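Asker: File follows, coords05.txt with compact mmCIF, C-alpha atoms and all ligand atoms:
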# COMPACT_ATOMS: atom_id res chain seq x y z
CA MET A 11 139.27 68.49 38.02
CA ASN A 12 138.42 72.16 37.82
CA SER A 13 141.22 74.30 36.60
CA LYS A 14 141.68 77.53 38.38
CA GLN A 15 142.42 81.00 37.09
CA ILE A 16 145.86 82.08 38.22
CA SER A 17 147.61 85.37 37.82
CA VAL A 18 151.33 85.82 37.37
CA PHE A 19 152.98 89.15 38.12
CA LEU A 20 156.53 90.17 37.26
CA ILE A 21 158.62 93.14 38.25
CA SER A 22 161.77 93.31 36.17
CA PRO A 23 163.49 95.97 34.10
CA ASP A 24 165.02 93.21 31.97
CA GLU A 25 163.36 93.14 28.57
CA GLU A 26 164.52 89.59 27.87
CA ILE A 27 163.08 88.12 31.06
CA TYR A 28 159.90 90.06 30.60
CA SER A 29 159.21 88.88 27.10
CA ALA A 30 160.27 85.28 27.79
CA ILE A 31 157.76 84.92 30.61
CA GLU A 32 155.07 86.84 28.83
CA GLY A 33 155.61 84.69 25.75
CA SER A 34 155.57 81.40 27.63
CA LEU A 35 152.26 82.23 29.27
CA ALA A 36 150.64 83.93 26.30
CA ASP A 37 148.58 81.03 25.08
CA GLN A 38 147.83 79.42 28.41
CA GLU A 39 144.19 79.39 29.26
CA ASN A 40 143.17 80.37 32.77
CA CYS A 41 146.38 82.24 33.31
CA SER A 42 146.85 85.97 33.20
CA PHE A 43 150.15 87.78 33.05
CA THR A 44 150.86 91.35 34.10
CA GLY A 45 153.95 93.16 35.18
CA ARG A 46 156.04 96.27 35.52
CA LYS A 47 159.08 96.72 33.33
CA GLU A 48 160.91 98.51 36.10
CA THR A 49 163.19 97.85 39.01
CA VAL A 50 161.47 97.10 42.30
CA SER A 51 162.66 100.40 43.67
CA GLY A 52 161.39 102.09 40.50
CA VAL A 53 157.90 100.86 41.32
CA ASN A 54 158.15 103.37 44.11
CA GLY A 55 157.08 101.47 47.16
CA LYS A 56 154.06 100.11 45.31
CA ALA A 57 155.68 96.72 44.71
CA ALA A 58 154.02 95.13 47.72
CA ASN A 59 150.58 96.50 46.89
CA LEU A 60 150.77 95.30 43.34
CA ALA A 61 152.22 91.95 44.32
CA SER A 62 149.51 91.33 46.89
CA LEU A 63 146.97 90.79 44.14
CA HIS A 64 148.61 87.82 42.42
CA ASP A 65 149.10 84.09 42.79
CA VAL A 66 152.65 84.01 41.50
CA VAL A 67 154.94 86.98 42.00
CA LEU A 68 158.38 87.24 40.43
CA PHE A 69 160.64 90.13 41.18
CA ASP A 70 164.09 91.02 40.09
CA VAL A 71 166.58 91.47 42.91
CA GLU A 72 168.74 94.40 42.02
CA ASP A 73 172.43 94.37 42.72
CA ASP A 74 171.73 96.37 45.81
CA ALA A 75 170.76 93.28 47.74
CA ASP A 76 170.13 95.12 51.02
CA GLY A 77 167.42 97.29 49.50
CA ALA A 78 166.03 94.16 47.87
CA LEU A 79 165.67 92.49 51.24
CA LYS A 80 163.42 95.25 52.46
CA THR A 81 161.29 95.03 49.32
CA ALA A 82 161.19 91.25 49.56
CA GLN A 83 160.00 91.57 53.12
CA ASN A 84 157.20 93.92 52.07
CA ILE A 85 156.17 91.70 49.20
CA CYS A 86 156.13 88.59 51.37
CA ASP A 87 154.18 90.33 54.13
CA ALA A 88 151.55 91.47 51.67
CA ARG A 89 151.17 88.18 49.82
CA MET A 90 147.83 86.52 49.25
CA PRO A 91 147.43 83.29 51.16
CA ASN A 92 149.23 80.60 49.15
CA ALA A 93 150.84 83.04 46.74
CA ILE A 94 154.22 81.94 45.48
CA ILE A 95 157.02 84.47 45.55
CA ILE A 96 160.10 84.05 43.41
CA ALA A 97 163.16 86.27 43.46
CA LEU A 98 165.27 86.50 40.31
CA ALA A 99 168.81 87.17 41.38
CA PRO A 100 172.24 87.61 39.85
CA GLU A 101 174.04 84.31 39.59
CA ASP A 102 176.72 85.46 42.01
CA LEU A 103 174.29 86.47 44.75
CA PRO A 104 175.99 85.45 48.00
CA LEU A 105 174.44 82.34 49.52
CA GLU A 106 173.86 84.28 52.70
CA LYS A 107 171.62 86.76 50.87
CA ALA A 108 169.75 83.96 49.15
CA ARG A 109 169.12 82.41 52.53
CA GLN A 110 167.92 85.68 53.96
CA LEU A 111 165.46 85.97 51.11
CA THR A 112 164.16 82.47 51.80
CA LYS A 113 163.86 83.24 55.49
CA LEU A 114 161.71 86.23 54.70
CA GLY A 115 159.30 83.92 52.90
CA VAL A 116 160.55 83.97 49.31
CA ASP A 117 159.79 80.50 48.01
CA GLU A 118 162.57 80.25 45.49
CA VAL A 119 165.56 82.25 44.38
CA LEU A 120 166.34 81.64 40.71
CA PRO A 121 169.35 82.75 38.68
CA ARG A 122 168.36 85.68 36.51
CA ASN A 123 170.46 84.59 33.55
CA ALA A 124 168.89 81.12 33.26
CA ILE A 125 165.67 82.40 31.74
CA ASN A 126 164.82 79.48 29.54
CA GLU A 127 166.47 76.77 31.62
CA GLU A 128 165.07 77.72 35.03
CA ILE A 129 162.68 80.62 35.17
CA VAL A 130 160.24 79.75 32.41
CA PRO A 131 160.03 76.02 33.33
CA GLN A 132 159.50 76.87 37.01
CA VAL A 133 156.71 79.30 36.29
CA ASP A 134 155.19 76.73 34.01
CA ALA A 135 155.44 74.01 36.65
CA ILE A 136 153.82 76.22 39.26
CA ARG A 137 151.04 77.17 36.90
CA ASN A 138 150.42 73.51 36.07
CA ARG A 139 150.38 72.42 39.68
CA ARG A 140 148.26 75.31 40.78
CA GLN A 141 145.72 74.64 38.13
CA ALA A 142 145.60 70.99 39.08
CA GLN A 143 145.56 72.13 42.71
CA LEU A 144 148.48 69.94 43.65
CA PRO A 145 150.93 70.72 46.42
CA THR A 146 153.76 73.08 45.70
CA VAL A 147 156.88 71.01 45.47
CA TRP A 148 159.01 71.76 42.49
CA SER A 149 161.90 69.95 40.93
CA GLY A 150 162.27 67.75 43.95
CA HIS A 151 163.02 70.64 46.28
CA ALA A 152 160.55 71.14 49.06
CA THR A 153 160.02 74.78 49.73
CA LEU A 154 157.32 74.13 52.28
CA GLY A 155 157.70 72.81 55.80
CA LYS A 156 156.63 69.32 56.84
CA VAL A 157 153.49 68.53 58.75
CA ILE A 158 153.91 65.93 61.47
CA ALA A 159 150.76 64.77 63.23
CA VAL A 160 150.76 63.10 66.63
CA ALA A 161 147.77 60.97 67.64
CA LYS A 162 146.98 58.74 70.62
CA SER A 163 145.12 55.50 71.12
CA ARG A 164 143.87 56.47 74.58
CA GLY A 165 143.84 59.47 76.85
CA GLY A 166 146.92 60.12 78.94
CA VAL A 167 149.20 57.78 77.03
CA GLY A 168 151.88 60.43 76.56
CA SER A 169 151.19 61.81 73.08
CA SER A 170 151.37 65.48 74.02
CA LEU A 171 154.64 64.83 75.79
CA VAL A 172 155.96 63.27 72.57
CA ALA A 173 154.58 66.14 70.43
CA ALA A 174 156.02 68.93 72.59
CA ASN A 175 159.43 67.35 73.04
CA MET A 176 159.71 66.22 69.44
CA ALA A 177 159.01 69.83 68.44
CA ASN A 178 161.77 71.06 70.71
CA GLU A 179 164.24 68.53 69.33
CA LEU A 180 163.29 69.24 65.69
CA GLN A 181 164.73 72.72 66.15
CA ALA A 182 168.18 71.04 66.07
CA LYS A 183 169.72 73.67 68.26
CA GLU A 184 173.38 74.34 67.75
CA GLY A 185 176.11 76.55 69.11
CA PHE A 186 178.04 76.38 72.34
CA PHE A 187 175.03 76.62 74.63
CA LYS A 188 172.75 74.93 72.12
CA LYS A 189 170.73 78.09 71.99
CA LYS A 190 170.42 78.72 68.28
CA ALA A 191 167.69 76.84 66.46
CA THR A 192 168.59 75.57 63.00
CA ASN A 193 164.96 74.91 62.08
CA GLU A 194 161.80 76.89 62.64
CA VAL A 195 159.25 74.71 64.39
CA ALA A 196 155.59 75.30 65.21
CA VAL A 197 153.25 73.25 67.37
CA VAL A 198 149.52 73.40 66.84
CA ASP A 199 147.41 72.04 69.68
CA LEU A 200 144.29 70.74 68.02
CA ASP A 201 143.16 69.01 71.19
CA PHE A 202 140.68 71.85 71.22
CA GLN A 203 138.99 70.96 74.48
CA PHE A 204 141.70 69.29 76.54
CA GLY A 205 144.88 70.69 75.07
CA SER A 206 147.95 70.53 77.29
CA ILE A 207 150.68 71.83 75.01
CA ALA A 208 150.54 75.34 76.52
CA ALA A 209 151.25 73.96 79.97
CA LEU A 210 153.97 71.62 78.72
CA MET A 211 155.71 74.45 76.88
CA ASP A 212 155.10 77.14 79.47
CA VAL A 213 153.03 79.55 77.41
CA GLU A 214 149.68 81.14 78.14
CA GLU A 215 146.61 79.48 76.73
CA SER A 216 145.06 81.62 74.04
CA ASP A 217 141.53 82.32 72.98
CA ALA A 218 142.56 82.89 69.38
CA MET A 219 141.38 79.49 68.15
CA TRP A 220 138.16 79.85 70.07
CA ARG A 221 137.55 83.24 68.44
CA MET A 222 138.41 81.82 65.05
CA ALA A 223 135.87 79.05 65.59
CA MET A 224 133.18 81.46 66.72
CA ASP A 225 133.82 84.06 63.98
CA GLU A 226 133.98 81.37 61.32
CA SER A 227 136.89 83.33 59.88
CA ILE A 228 139.64 81.87 57.73
CA PRO A 229 142.93 82.43 59.55
CA ASP A 230 145.68 84.24 57.63
CA GLY A 231 149.29 85.09 58.34
CA ALA A 232 148.33 88.10 60.45
CA PHE A 233 145.97 86.00 62.58
CA LEU A 234 148.67 83.41 63.19
CA GLU A 235 151.27 85.98 64.04
CA GLN A 236 148.99 87.36 66.68
CA ALA A 237 147.71 84.00 67.91
CA MET A 238 151.01 82.19 68.19
CA VAL A 239 153.33 82.51 71.13
CA LYS A 240 157.01 81.69 71.19
CA ALA A 241 157.73 79.24 73.98
CA PRO A 242 160.88 79.77 76.05
CA CYS A 243 162.45 76.81 74.22
CA GLY A 244 161.98 78.63 70.87
CA VAL A 245 159.07 76.70 69.41
CA ASP A 246 156.08 78.73 68.18
CA VAL A 247 152.93 77.48 69.83
CA LEU A 248 149.33 77.79 68.68
CA ALA A 249 147.70 76.85 71.95
CA ALA A 250 144.30 75.35 72.50
CA PRO A 251 141.72 77.76 73.89
CA SER A 252 141.36 78.25 77.61
CA ARG A 253 137.58 78.11 77.37
CA TYR A 254 135.42 75.31 76.15
CA GLY A 255 133.90 75.43 72.73
CA PRO A 256 131.98 72.81 70.82
CA LEU A 257 134.26 70.59 68.74
CA SER A 258 131.95 71.02 65.79
CA ALA A 259 132.63 74.77 65.70
CA ILE A 260 135.88 74.32 63.79
CA GLN A 261 135.74 73.97 60.03
CA GLU A 262 137.97 72.03 57.71
CA ASP A 263 139.01 75.05 55.67
CA GLN A 264 140.15 76.84 58.81
CA ILE A 265 142.53 74.01 59.63
CA THR A 266 143.67 73.88 56.00
CA ALA A 267 144.47 77.60 56.12
CA ILE A 268 146.42 77.25 59.38
CA LEU A 269 148.55 74.45 57.95
CA ASP A 270 149.03 76.19 54.58
CA ASN A 271 150.28 79.30 56.32
CA LEU A 272 152.53 77.58 58.83
CA LYS A 273 154.16 75.39 56.20
CA ARG A 274 155.41 78.57 54.56
CA THR A 275 156.95 79.98 57.70
CA HIS A 276 158.18 76.88 59.52
CA ASP A 277 160.28 73.85 58.65
CA TYR A 278 158.17 71.58 60.83
CA VAL A 279 154.58 71.92 61.92
CA VAL A 280 153.80 69.45 64.69
CA VAL A 281 150.09 68.90 65.24
CA ASP A 282 148.79 67.41 68.48
CA LEU A 283 145.56 65.70 67.41
CA PRO A 284 142.48 65.13 69.55
CA ARG A 285 141.23 61.58 69.91
CA ALA A 286 137.84 62.61 68.59
CA LEU A 287 137.31 61.70 64.95
CA VAL A 288 135.95 65.09 63.95
CA GLU A 289 135.76 66.09 60.31
CA TRP A 290 138.25 68.90 60.60
CA ILE A 291 141.13 66.54 61.26
CA THR A 292 140.86 65.43 57.61
CA PRO A 293 143.05 68.31 56.34
CA VAL A 294 145.71 67.27 58.86
CA LEU A 295 145.55 63.69 57.64
CA THR A 296 145.78 64.72 54.00
CA GLN A 297 148.61 67.17 54.57
CA ALA A 298 150.61 65.13 57.11
CA ASP A 299 153.95 63.98 55.84
CA ARG A 300 153.95 61.53 58.72
CA LEU A 301 151.68 60.58 61.59
CA TYR A 302 152.98 59.22 64.87
CA LEU A 303 150.40 57.11 66.65
CA VAL A 304 151.27 56.91 70.32
CA THR A 305 149.89 53.94 72.23
CA ASP A 306 150.74 51.59 75.04
CA VAL A 307 150.81 47.86 74.41
CA ALA A 308 147.81 46.97 76.58
CA VAL A 309 145.15 45.12 74.58
CA PRO A 310 142.41 47.81 74.71
CA SER A 311 144.85 50.51 73.56
CA VAL A 312 146.16 48.36 70.74
CA ARG A 313 142.61 47.60 69.59
CA SER A 314 141.74 51.24 69.52
CA ALA A 315 145.02 52.03 67.74
CA ARG A 316 144.00 49.55 65.05
CA LYS A 317 140.64 51.27 64.60
CA LEU A 318 142.30 54.66 64.38
CA MET A 319 144.78 53.42 61.78
CA ASP A 320 141.90 52.12 59.67
CA PHE A 321 140.18 55.48 59.91
CA TYR A 322 143.33 57.48 59.11
CA GLN A 323 144.10 55.23 56.15
CA SER A 324 140.58 55.54 54.83
CA GLU A 325 140.95 59.32 54.88
CA ASN A 326 144.41 59.21 53.32
CA PRO A 327 145.51 55.84 51.93
CA ALA A 328 149.07 57.08 51.45
CA ILE A 329 149.54 58.28 55.01
CA ASP A 330 152.85 57.30 56.62
CA ILE A 331 151.95 56.05 60.09
CA GLN A 332 154.65 55.26 62.63
CA LEU A 333 153.77 53.51 65.84
CA VAL A 334 155.22 54.74 69.10
CA ALA A 335 155.02 52.48 72.15
CA SER A 336 154.74 54.79 75.11
CA LEU A 337 155.54 53.95 78.72
CA GLU A 338 157.55 50.96 77.51
CA LYS A 339 161.22 50.34 77.25
CA LYS A 340 162.27 48.76 73.98
CA PRO A 341 162.47 45.05 74.81
CA LEU A 342 165.61 43.19 73.86
CA LEU A 343 163.40 40.44 72.59
CA PRO A 344 159.74 41.20 71.93
CA ALA A 345 157.48 39.42 74.42
CA ALA A 346 154.36 37.55 73.30
CA HIS A 347 152.11 40.57 73.87
CA HIS A 348 154.44 42.79 71.83
CA ARG A 349 154.27 40.33 68.96
CA ALA A 350 150.50 40.08 69.27
CA ALA A 351 150.22 43.87 69.17
CA ALA A 352 152.45 44.19 66.12
CA LYS A 353 150.42 41.49 64.40
CA LEU A 354 147.12 43.21 65.03
CA LEU A 355 148.59 46.53 63.93
CA GLU A 356 150.24 44.88 60.92
CA GLN A 357 153.32 46.91 61.66
CA ASP A 358 156.15 46.98 64.20
CA PHE A 359 156.62 49.71 66.74
CA ALA A 360 159.07 52.22 65.28
CA HIS A 361 159.87 53.91 68.59
CA TRP A 362 159.68 53.17 72.29
CA VAL A 363 159.41 55.86 74.93
CA PRO A 364 160.13 54.35 78.33
CA LYS A 365 158.28 55.23 81.48
CA ASP A 366 160.46 57.77 83.17
CA ASP A 367 158.46 59.24 86.05
CA ARG A 368 161.15 61.37 87.60
CA THR A 369 162.26 63.21 84.45
CA VAL A 370 158.75 63.53 83.04
CA ARG A 371 157.32 64.86 86.28
CA GLU A 372 159.99 67.52 86.61
CA SER A 373 159.54 68.53 82.98
CA VAL A 374 155.74 68.73 83.30
CA ASP A 375 155.83 70.54 86.66
CA ARG A 376 158.31 73.15 85.49
CA GLY A 377 157.00 73.47 81.92
CA ILE A 378 160.43 72.83 80.44
CA PRO A 379 161.52 70.33 77.78
CA LEU A 380 162.81 66.93 78.89
CA GLN A 381 166.12 67.93 77.32
CA ASP A 382 166.47 70.74 79.90
CA VAL A 383 165.78 68.37 82.80
CA SER A 384 168.35 65.84 81.69
CA ASN A 385 169.81 65.14 78.29
CA ARG A 386 170.71 61.61 79.30
CA ALA A 387 167.40 60.53 80.81
CA PRO A 388 165.73 57.59 79.05
CA ALA A 389 162.62 59.55 77.94
CA THR A 390 164.74 62.44 76.62
CA ARG A 391 166.92 60.13 74.60
CA ALA A 392 164.00 58.20 73.18
CA ILE A 393 162.19 61.29 71.94
CA LYS A 394 165.40 62.86 70.65
CA LYS A 395 166.02 59.75 68.59
CA LEU A 396 162.48 59.89 67.24
CA ALA A 397 162.97 63.53 66.23
CA ASP A 398 166.39 62.85 64.68
CA ASP A 399 164.86 60.10 62.55
CA ALA A 400 162.05 62.43 61.52
CA ARG A 401 164.52 65.11 60.47
CA ALA A 402 166.52 62.64 58.43
CA ALA A 403 163.41 61.31 56.68
CA MET A 404 161.82 64.73 56.21
CA PRO A 405 164.48 67.37 55.60
CA PRO A 406 163.80 71.04 56.43
CA ARG A 407 162.93 73.55 53.74
CA VAL A 408 165.43 74.27 51.02
CA GLY A 409 167.52 77.33 51.74
CA ASN A 410 167.07 76.87 55.44
CA SER A 411 169.44 74.03 56.12
N1 LIG B 501 157.18 58.40 79.27
C1 LIG B 501 156.49 58.76 80.35
N2 LIG B 501 156.94 58.43 81.59
C2 LIG B 501 156.27 58.79 82.68
N3 LIG B 501 155.13 59.51 82.66
C3 LIG B 501 154.63 59.88 81.50
C4 LIG B 501 155.28 59.53 80.27
N4 LIG B 501 154.57 60.04 79.24
C5 LIG B 501 153.52 60.67 79.80
N5 LIG B 501 153.56 60.58 81.13
C6 LIG B 501 152.59 61.13 82.10
O1 LIG B 501 151.29 60.97 81.60
C7 LIG B 501 150.60 62.19 81.63
C8 LIG B 501 149.84 62.33 80.32
O2 LIG B 501 150.75 62.57 79.29
P1 LIG B 501 150.31 63.43 78.04
O3 LIG B 501 149.58 64.61 78.43
O4 LIG B 501 151.51 63.57 77.17
O5 LIG B 501 149.35 62.35 77.40
P2 LIG B 501 148.27 62.56 76.24
O6 LIG B 501 148.27 61.26 75.49
O7 LIG B 501 148.54 63.78 75.49
O8 LIG B 501 146.96 62.69 77.10
P3 LIG B 501 145.61 63.50 76.84
O9 LIG B 501 144.61 62.45 76.57
O10 LIG B 501 145.37 64.21 78.11
O11 LIG B 501 145.84 64.40 75.68
C9 LIG B 501 151.66 63.30 81.76
O12 LIG B 501 151.26 64.29 82.62
C10 LIG B 501 152.82 62.59 82.32
O13 LIG B 501 152.86 62.82 83.70
MG MG B 502 147.39 65.44 75.06
Starting from the file, lay out its structure as structure tokens.
Ligand SMILES: Nc1ncnc2c1ncn2[C@@H]1O[C@H](COP(=O)(O)OP(=O)(O)OP(=O)(O)O)[C@@H](O)[C@H]1O
Ligand SMILES: [Mg+2]
Answerer:
Amino acid sequence: MNSKQISVFLISPDEEIYSAIEGSLADQENCSFTGRKETVSGVNGKAANLASLHDVVLFDVEDDADGALKTAQNICDARMPNAIIIALAPEDLPLEKARQLTKLGVDEVLPRNAINEEIVPQVDAIRNRRQAQLPTVWSGHATLGKVIAVAKSRGGVGSSLVAANMANELQAKEGFFKKKATNEVAVVDLDFQFGSIAALMDVEESDAMWRMAMDESIPDGAFLEQAMVKAPCGVDVLAAPSRYGPLSAIQEDQITAILDNLKRTHDYVVVDLPRALVEWITPVLTQADRLYLVTDVAVPSVRSARKLMDFYQSENPAIDIQLVASLEKKPLLPAAHHRAAAKLLEQDFAHWVPKDDRTVRESVDRGIPLQDVSNRAPATRAIKKLADDARAAMPPRVGNS
């Protein structure tokens, strides 16, 4: 595997931290170290500019944590795609401030006094992983959001309904009126030609993805900020384009960049997949922490679900596929055709979403989540349960719980 040149940048007035990091990286090949032996405010507003040039940025949070938040914001806004930002903070930094830093996009807040126990090993681990081009998960703590893909065995089986409502439920809203989202959730409608997420979530369709496809540009944070729309329910939506474009216009590295960026800013990134087996769904399959395959239990759908599973597994042998039986109530005892389906699929259905015409129709017609039509309706409860299970299996980012 090719190793990659990475650059580490430190802003800290603390001689000890400075020399420990410099020393630990000194004889690493393919790794450059630079820094400023100053406070972030001493760098005179240049912190963000300097930081924007490096793969790993460490900065010392001064005791004036409010000023540090502003600087952290600037540094995070200016980051290179995929750059890792680490704040070094006093051990007694209030949890609230640490959380605010994480919310701004700081990947990790480390105690400033644990130079050799925490800071040096973390920098080393990042360098190692980066050079091996592995995902950024350190010491068991996920600092990136989870990617959840939703696929369907046939058209119209209910997969977008599952994707949109799962996204809403993943927000885990709390408070008296259940208004405040605990988790940041994004939905990406990759059903490029027939996407229906915008309608389901009551946002305008957007031509951003179409433009991205035509320009052949690699989307960055600024693109996504402009292209995404917050739905009334709170979920950030990257809608499918309102005009038709050829499926082949999208490139794999564009999808990779979208997911890489959204994983940094959201706890969950729900991706509504097209049924077409185009090449650019590969990054979704490789990055997905889980894939829900929505199907009904009719024989043709089950057969095509089997083929899709084979394809998904050939692209990513480790992929965690969960089967969702749509338009079916969970049977008390599986009937013969349920057993036959599970046998062909070599796996049981993990979830059942019953047919619930009245609730679904009202939700689709009004562009509101099932939860807002009725929190006790069968379809609402089924998808809420699915989302609750997903949250338990795939916790949100550290520092955002
Ligand atoms: N559980 C359900 N109960 C009743 N109707 C449903 C249910 N799920 C989906 N539907 C209906 O089926 C239609 C298609 O659903 P949806 O758009 O979610 O399917 P899809 O698999 O995403 O289809 P497409 O192939 O168009 O992407 C919806 O408009 C809705 O009216
Ligand atoms: Mg759909």
Asker: Using only C-alpha atoms, find the one residue out of A:Thr266, A:Arg46, A:Leu98, A:Ile158 that sits nearest to Ala124 (chain A).
Answerer: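 Of the candidates, the smallest distance to Ala124 (chain A) is held by A:Leu98.
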Asker: What does the distance from CA of His347 (chain A) to CA of Val307 (chain A) come to in Å, to one decimal?
Answerer: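 Interatomic distance here is 7.4 Å.
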Asker: Which residues are near Ser62 (chain A)? Cut-off 9 Å, all atoms listed in the file, ignore same chain within fewer than 2 positions. Put them as number ranges by chain.
Answerer: A: 57-60, 64-65, 67, 85-90, 93
Asker: Taking only C-alpha atoms and all ligand atoms into account, which of A:Leu301, A:Leu111, A:Ile378, A:Ala392 comes nearest ligand LIG 501 (chain B)?
Answerer: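 The answer is A:Ala392, which sits nearest to ligand LIG 501 (chain B).
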Asker: I'd like to know which of A:Ile21, A:Ala99, A:Ala223, A:Val130 is closest to Thr44 (chain A), using only C-alpha atoms.
Answerer: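 Using only C-alpha atoms, Thr44 (chain A) sits closest to A:Ile21.
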Asker: Could you please extract the residues within 10 Å of ligand MG 502 (chain B), counting all atoms listed in the file, and hand them back as a list in words?
Answerer: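 The distance check yields Val160, Ala161, Lys162, Arg164, Gly165, Gly166, Val167, Gly168, Ser169, Ser170, Leu171, Val172, Ala173, Ala174, Asp199, Leu200, Asp201, Phe204, Gly205, Ser206, Ile207, Leu210, Asp282, Leu283, Pro284 and Arg285 of chain A.
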Asker: Mind pulling up the distance from CA of Lys189 (chain A) to atom N5 of ligand LIG 501 (chain B)?
Answerer: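 These two atoms are separated by 26.2 Å.
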Asker: Nearest residue to Glu235 (chain A) out of A:Ala218, A:Leu303, A:Val312, A:Ile393, using all atoms listed in the file?
Answerer: A:Ala218
